[in-house]
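> Before I ask anything, here is the structure I am working with.
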Amino acid sequence: MVVLGVESTAHTASVGITDDRAQVLGLASDMYRPPSGGIHPREAANHHVEVLPGLVEKALAAASVRPNELDAVAFAQGPGLGPCLRAGATVARMLSLAWRRPLVPVNHCVAHVEIARALSGLDDPLLLYASGGNTQVIAYGRGRYRVLGETLDIGIGNFLDKLWIGLGGTFPGGPALEAEARLGTELLPLPYSVHGMDVAFSGMLTATLALRAKGVARPDLAYSVETTAYAMLTEITERAIAHRRKSSVALGGGVACNERLRGMVRTMAEGRGATMFAPPRSLCVDNGAMIAWAGGLAHARGRSVPVERSAVEPRQRTDRVLTPWREPPGPGTAR
Ligand code: AMP
Ligand code: MG
């Protein structure tokens with residue numbers, strides 16, 4: 001099954017093509033970078049409308065695939081920013097109609113999970129999904145992915161981005177903060193906000209900016225923020241592994257590019273006799289290939305929608321989406 005996937009939930013417009021072994025045949029992405037401040041949904045959507053047609057051509061050329069060789073066109077239905085989602089969905093609908101290919105809606109978070117699972121070769125890992133807008137610890141159970149823990153306020157990536165902009169930098173903050181943190185030496189006390197299986201970041205954001213206003217060096221702040229925030233994620237991941245008796249954990253989302261986070265989760269997992277897997281960076285960040293792959297899984301189970309029933313769902317939750325490809329439905333399967 002060869003599927004083309006369109007991703008446009010936030011700052012990244014991307015088109016990917018995958019085959020039935022999760023091989024990425026073609027992938028073309030273009031990220032909206034605001035000149036200053038954070039992401040403005042309408043401006044990001046305008047960017048996506050402009051670049052997506054070219055990305056479709058690039059992905060097809062890279063894959064050496066013709067439209068009539070595609071089995072389906074998939075798109076990210078949610079969660080995400082409404083205007084951005086609509087830009088990608090509009091392009092996907094047009095392609096579906098023009099090429100007469102089935103249209104398959106995909107949950108963006110489930111796509112992160114499924115590409116990590118496919119690339120890892122792990123059958124049933126726990127997943128730490130750490131991205132710009134989302135931060136969730138996820139495990140499969142009875143017909144869908146269950147959110148065991150998540151952020152109570154902002155996503156870890158949004159936290160890093162806001163912090164970096166507050167420290168005088170530009171979007172995206174995560175990679176720049178990672179470089180800055182390597183120069184830090186002093187570990188400053190910051191609010192460590194774990195509530196059962198959930199985390200929160202806005203207290204740390206306020207506290208860090210207050211320390212900066214008092215003249216604390218930026219590298220030490222970056223180092224302390226990474227240490228504290230990633231320890232919080234590692235703690236809830238460890239608790240989930242223990243409760244669910246998992247033998248593996250896979251990472252996904254843009255923040256999973258971070259070496260420090262990868263190292264901390266790996267050390268924790270190995271200490272428990274579990275394995276850890278993180279996809280290559282190009283497939284951790286938002287990308288069309290994961291949408292194509294998850295769309296293929298759904299389409300293989302007969303999933304497609306007519307254009308008039310393909311509305312985007314900016315608040316679509318991971319645990320609302322059925323994943324029939326994971327297991328045959330049996331007694332007790334959630335509906
Ligand atoms: P996504 O929403 O999954 O595309 O991920 C984008 C988010 O990942 C942004 O908030 C980035 O700041 C963050 N990010 C990307 N690379 C890194 C990194 N090396 N360390 C921490 N955060 C990162
Ligand atoms: Mg994402």
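In the structure tokens, chains take the letters A, B, ... in the order shown, each chain's residues start at 1, and ligands count up from 1 in the order shown.
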Pick out each residue of range 30-255 of chain A that DSSP on the backbone tags as helix (DSSP H, G or I); I need them as an MDAnalysis selection string.

chainID A and resid 41:63 67:69 82:99 108:120 156:166 173:181 202:213 218:244 254:255

> Under the rule of at most 12 Å, produce a per-residue listing of chain A near ligand 2: chain, number, name, the closest pair of atoms, and the distance in Å, as JSON lines, using only C-alpha atoms and all ligand atoms.


```
{"residue": "A:Glu7", "atom": "CA", "partner": "ligand 2", "partner_atom_place_in_ligand_line": "1 (Mg)", "distance": 9.3}
{"residue": "A:Ser8", "atom": "CA", "partner": "ligand 2", "partner_atom_place_in_ligand_line": "1 (Mg)", "distance": 9.6}
{"residue": "A:Thr9", "atom": "CA", "partner": "ligand 2", "partner_atom_place_in_ligand_line": "1 (Mg)", "distance": 7.6}
{"residue": "A:Ala10", "atom": "CA", "partner": "ligand 2", "partner_atom_place_in_ligand_line": "1 (Mg)", "distance": 8.0}
{"residue": "A:His11", "atom": "CA", "partner": "ligand 2", "partner_atom_place_in_ligand_line": "1 (Mg)", "distance": 9.7}
{"residue": "A:Thr12", "atom": "CA", "partner": "ligand 2", "partner_atom_place_in_ligand_line": "1 (Mg)", "distance": 9.1}
{"residue": "A:Ala13", "atom": "CA", "partner": "ligand 2", "partner_atom_place_in_ligand_line": "1 (Mg)", "distance": 11.5}
{"residue": "A:Ser14", "atom": "CA", "partner": "ligand 2", "partner_atom_place_in_ligand_line": "1 (Mg)", "distance": 11.7}
{"residue": "A:Ala76", "atom": "CA", "partner": "ligand 2", "partner_atom_place_in_ligand_line": "1 (Mg)", "distance": 10.3}
{"residue": "A:Gly78", "atom": "CA", "partner": "ligand 2", "partner_atom_place_in_ligand_line": "1 (Mg)", "distance": 10.2}
{"residue": "A:Pro79", "atom": "CA", "partner": "ligand 2", "partner_atom_place_in_ligand_line": "1 (Mg)", "distance": 9.1}
{"residue": "A:Gly80", "atom": "CA", "partner": "ligand 2", "partner_atom_place_in_ligand_line": "1 (Mg)", "distance": 8.8}
{"residue": "A:Leu81", "atom": "CA", "partner": "ligand 2", "partner_atom_place_in_ligand_line": "1 (Mg)", "distance": 11.6}
{"residue": "A:Asn107", "atom": "CA", "partner": "ligand 2", "partner_atom_place_in_ligand_line": "1 (Mg)", "distance": 10.3}
{"residue": "A:His108", "atom": "CA", "partner": "ligand 2", "partner_atom_place_in_ligand_line": "1 (Mg)", "distance": 6.6}
{"residue": "A:Cys109", "atom": "CA", "partner": "ligand 2", "partner_atom_place_in_ligand_line": "1 (Mg)", "distance": 6.5}
{"residue": "A:Val110", "atom": "CA", "partner": "ligand 2", "partner_atom_place_in_ligand_line": "1 (Mg)", "distance": 9.7}
{"residue": "A:Ala111", "atom": "CA", "partner": "ligand 2", "partner_atom_place_in_ligand_line": "1 (Mg)", "distance": 8.7}
{"residue": "A:His112", "atom": "CA", "partner": "ligand 2", "partner_atom_place_in_ligand_line": "1 (Mg)", "distance": 6.8}
{"residue": "A:Val113", "atom": "CA", "partner": "ligand 2", "partner_atom_place_in_ligand_line": "1 (Mg)", "distance": 10.0}
{"residue": "A:Ile115", "atom": "CA", "partner": "ligand 2", "partner_atom_place_in_ligand_line": "1 (Mg)", "distance": 11.8}
{"residue": "A:Leu128", "atom": "CA", "partner": "ligand 2", "partner_atom_place_in_ligand_line": "1 (Mg)", "distance": 11.9}
{"residue": "A:Tyr129", "atom": "CA", "partner": "ligand 2", "partner_atom_place_in_ligand_line": "1 (Mg)", "distance": 8.2}
{"residue": "A:Ala130", "atom": "CA", "partner": "ligand 2", "partner_atom_place_in_ligand_line": "1 (Mg)", "distance": 7.9}
{"residue": "A:Ser131", "atom": "CA", "partner": "ligand 2", "partner_atom_place_in_ligand_line": "1 (Mg)", "distance": 5.2}
{"residue": "A:Gly132", "atom": "CA", "partner": "ligand 2", "partner_atom_place_in_ligand_line": "1 (Mg)", "distance": 6.4}
{"residue": "A:Gly133", "atom": "CA", "partner": "ligand 2", "partner_atom_place_in_ligand_line": "1 (Mg)", "distance": 7.0}
{"residue": "A:Asn134", "atom": "CA", "partner": "ligand 2", "partner_atom_place_in_ligand_line": "1 (Mg)", "distance": 6.9}
{"residue": "A:Thr135", "atom": "CA", "partner": "ligand 2", "partner_atom_place_in_ligand_line": "1 (Mg)", "distance": 9.3}
{"residue": "A:Gln136", "atom": "CA", "partner": "ligand 2", "partner_atom_place_in_ligand_line": "1 (Mg)", "distance": 11.0}
{"residue": "A:Gly155", "atom": "CA", "partner": "ligand 2", "partner_atom_place_in_ligand_line": "1 (Mg)", "distance": 10.2}
{"residue": "A:Ile156", "atom": "CA", "partner": "ligand 2", "partner_atom_place_in_ligand_line": "1 (Mg)", "distance": 11.3}
{"residue": "A:Gly157", "atom": "CA", "partner": "ligand 2", "partner_atom_place_in_ligand_line": "1 (Mg)", "distance": 9.6}
{"residue": "A:Asn158", "atom": "CA", "partner": "ligand 2", "partner_atom_place_in_ligand_line": "1 (Mg)", "distance": 11.2}
{"residue": "A:Leu251", "atom": "CA", "partner": "ligand 2", "partner_atom_place_in_ligand_line": "1 (Mg)", "distance": 11.7}
{"residue": "A:Gly252", "atom": "CA", "partner": "ligand 2", "partner_atom_place_in_ligand_line": "1 (Mg)", "distance": 8.1}
{"residue": "A:Gly253", "atom": "CA", "partner": "ligand 2", "partner_atom_place_in_ligand_line": "1 (Mg)", "distance": 5.1}
{"residue": "A:Gly254", "atom": "CA", "partner": "ligand 2", "partner_atom_place_in_ligand_line": "1 (Mg)", "distance": 6.6}
{"residue": "A:Val255", "atom": "CA", "partner": "ligand 2", "partner_atom_place_in_ligand_line": "1 (Mg)", "distance": 9.3}
{"residue": "A:Ala256", "atom": "CA", "partner": "ligand 2", "partner_atom_place_in_ligand_line": "1 (Mg)", "distance": 10.4}
{"residue": "A:Cys257", "atom": "CA", "partner": "ligand 2", "partner_atom_place_in_ligand_line": "1 (Mg)", "distance": 12.0}
{"residue": "A:Ser282", "atom": "CA", "partner": "ligand 2", "partner_atom_place_in_ligand_line": "1 (Mg)", "distance": 11.7}
{"residue": "A:Leu283", "atom": "CA", "partner": "ligand 2", "partner_atom_place_in_ligand_line": "1 (Mg)", "distance": 9.9}
{"residue": "A:Cys284", "atom": "CA", "partner": "ligand 2", "partner_atom_place_in_ligand_line": "1 (Mg)", "distance": 7.9}
{"residue": "A:Val285", "atom": "CA", "partner": "ligand 2", "partner_atom_place_in_ligand_line": "1 (Mg)", "distance": 6.2}
{"residue": "A:Asp286", "atom": "CA", "partner": "ligand 2", "partner_atom_place_in_ligand_line": "1 (Mg)", "distance": 4.7}
{"residue": "A:Asn287", "atom": "CA", "partner": "ligand 2", "partner_atom_place_in_ligand_line": "1 (Mg)", "distance": 8.0}
{"residue": "A:Gly288", "atom": "CA", "partner": "ligand 2", "partner_atom_place_in_ligand_line": "1 (Mg)", "distance": 10.6}
{"residue": "A:Met290", "atom": "CA", "partner": "ligand 2", "partner_atom_place_in_ligand_line": "1 (Mg)", "distance": 10.0}
{"residue": "A:Ile291", "atom": "CA", "partner": "ligand 2", "partner_atom_place_in_ligand_line": "1 (Mg)", "distance": 10.6}
{"residue": "A:Thr318", "atom": "CA", "partner": "ligand 2", "partner_atom_place_in_ligand_line": "1 (Mg)", "distance": 12.0}
```

> Would you please work out which residue, of A:Met31, A:Val73, A:Ala217, A:Ala207, is nearest to ligand 1 when using only C-alpha atoms and all ligand atoms?

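So, comparing all the options, the nearest one is A:Met31.
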
> Could you list, as a list in words, every residue within 9 Å of Trp164 in chain A, counting only C-alpha atoms and ignoring same-chain residues fewer than 3 positions away?

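These residues fall inside the cut-off: Phe159, Leu160, Asp161, Leu167, Gly168, Gly169, Thr170, Phe171, Pro172, Gly173, Gly174, Ala176, Leu177 and Ala222 of chain A.
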
> Contacts of Leu163 in chain A at 8 Å or less, counting only C-alpha atoms, minus same-chain residues fewer than 6 places along, as a PDB file with C-alpha atoms, in the first residue's frame?


```
ATOM      1  CA  GLY A 173      13.547  27.400  20.926  1.00  0.00           C
ATOM      2  CA  LEU A 205       8.540  29.312  32.654  1.00  0.00           C
ATOM      3  CA  THR A 208      13.130  30.925  34.820  1.00  0.00           C
ATOM      4  CA  LEU A 209      12.284  34.314  33.319  1.00  0.00           C
TER       5      LEU A 209
END
```

> What is the CA of Val49 in chain A-CA of Gln316 in chain A distance in Å, reported with one decimal?

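So the two atoms, CA of Val49 in chain A and CA of Gln316 in chain A, lie 22.1 Å apart.
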
> For Pro105 in chain A, list every protein, DNA or RNA residue within 6 Å, evaluated using only C-alpha atoms, and leave out those in the same chain fewer than 6 positions away; present the list as a PyMOL selection string.

chain A and resi 74-75+77

> Skipping near chain neighbours, those fewer than 4 positions away, what residues fall within 8 Å of Leu27 in chain A using only C-alpha atoms, listed as a PyMOL selection string?

chain A and resi 14-17+58-59+62+287-289

> Take the selection from the previous step and output its residues with all heavy atoms, as a tab-separated table (two decimals), in the first residue's frame.


```tsv
chain	number	residue	atom	x	y	z
A	14	SER	N	4.04	19.57	5.38
A	14	SER	CA	4.86	18.46	4.95
A	14	SER	C	4.04	17.44	4.17
A	14	SER	O	2.87	17.22	4.48
A	14	SER	CB	5.51	17.78	6.18
A	14	SER	OG	6.27	16.66	5.80
A	15	VAL	N	4.67	16.86	3.17
A	15	VAL	CA	4.04	15.81	2.37
A	15	VAL	C	4.97	14.62	2.34
A	15	VAL	O	6.17	14.77	2.03
A	15	VAL	CB	3.75	16.30	0.93
A	15	VAL	CG1	3.14	15.18	0.10
A	15	VAL	CG2	2.83	17.53	0.97
A	16	GLY	N	4.45	13.46	2.71
A	16	GLY	CA	5.27	12.25	2.72
A	16	GLY	C	4.58	11.12	1.99
A	16	GLY	O	3.34	11.10	1.88
A	17	ILE	N	5.37	10.20	1.49
A	17	ILE	CA	4.83	9.01	0.82
A	17	ILE	C	5.51	7.79	1.43
A	17	ILE	O	6.74	7.73	1.51
A	17	ILE	CB	5.08	9.08	-0.70
A	17	ILE	CG1	4.41	10.33	-1.28
A	17	ILE	CG2	4.57	7.80	-1.39
A	17	ILE	CD1	4.75	10.59	-2.74
A	58	LYS	N	7.31	17.69	-5.08
A	58	LYS	CA	8.63	17.24	-4.64
A	58	LYS	C	8.58	15.82	-4.09
A	58	LYS	O	9.44	14.99	-4.38
A	58	LYS	CB	9.16	18.16	-3.53
A	58	LYS	CG	10.04	19.27	-4.04
A	58	LYS	CD	10.77	19.88	-2.83
A	58	LYS	CE	11.11	21.33	-3.13
A	58	LYS	NZ	11.48	22.10	-1.96
A	59	ALA	N	7.56	15.55	-3.25
A	59	ALA	CA	7.46	14.22	-2.63
A	59	ALA	C	7.21	13.15	-3.69
A	59	ALA	O	7.81	12.07	-3.65
A	59	ALA	CB	6.36	14.21	-1.57
A	62	ALA	N	10.48	12.63	-5.59
A	62	ALA	CA	11.46	11.90	-4.77
A	62	ALA	C	11.11	10.42	-4.70
A	62	ALA	O	11.99	9.55	-4.70
A	62	ALA	CB	11.52	12.49	-3.36
A	287	ASN	N	5.75	15.56	10.35
A	287	ASN	CA	6.13	15.18	8.99
A	287	ASN	C	4.99	14.44	8.30
A	287	ASN	O	4.17	13.78	8.95
A	287	ASN	CB	7.39	14.30	9.01
A	287	ASN	CG	7.15	12.96	9.65
A	287	ASN	OD1	6.73	12.01	8.99
A	287	ASN	ND2	7.33	12.86	10.96
A	288	GLY	N	4.96	14.54	6.97
A	288	GLY	CA	3.89	13.92	6.20
A	288	GLY	C	4.00	12.41	6.11
A	288	GLY	O	3.00	11.71	5.91
A	289	ALA	N	5.22	11.88	6.31
A	289	ALA	CA	5.41	10.42	6.19
A	289	ALA	C	4.63	9.68	7.27
A	289	ALA	O	4.04	8.63	7.02
A	289	ALA	CB	6.90	10.09	6.25
```

> From the set A:Pro67, A:Pro35, A:Pro41, A:Pro102, which residue has the shortest atom-to-atom contact distance to Ser310 in chain A, counting only C-alpha atoms?

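Among the listed residues, A:Pro102 lies closest to Ser310 in chain A.
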
> What is the distance between CA of Asp19 in chain A and CA of Ala63 in chain A, in Å to one decimal?

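The value is 10.0 Å.
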
> What does the distance between CA of Arg142 in chain A and CA of Asp319 in chain A come to in Å, to one decimal place?

10.8 Å

> Calculated over only C-alpha atoms, which of the candidates A:Leu148, A:Leu187, A:Ala200, A:Ala22 has the smallest distance to Met1 in chain A?

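Looking only at the distances to Met1 in chain A, the closest residue turns out to be A:Ala22.
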
> Taking the backbone alone, and naming residues the way the document does, which bits of range 38-171 of chain A are strand (DSSP E or B) by DSSP, as a PyMOL selection string?

chain A and resi 72-78+103-107+126-130+135-141+144-151
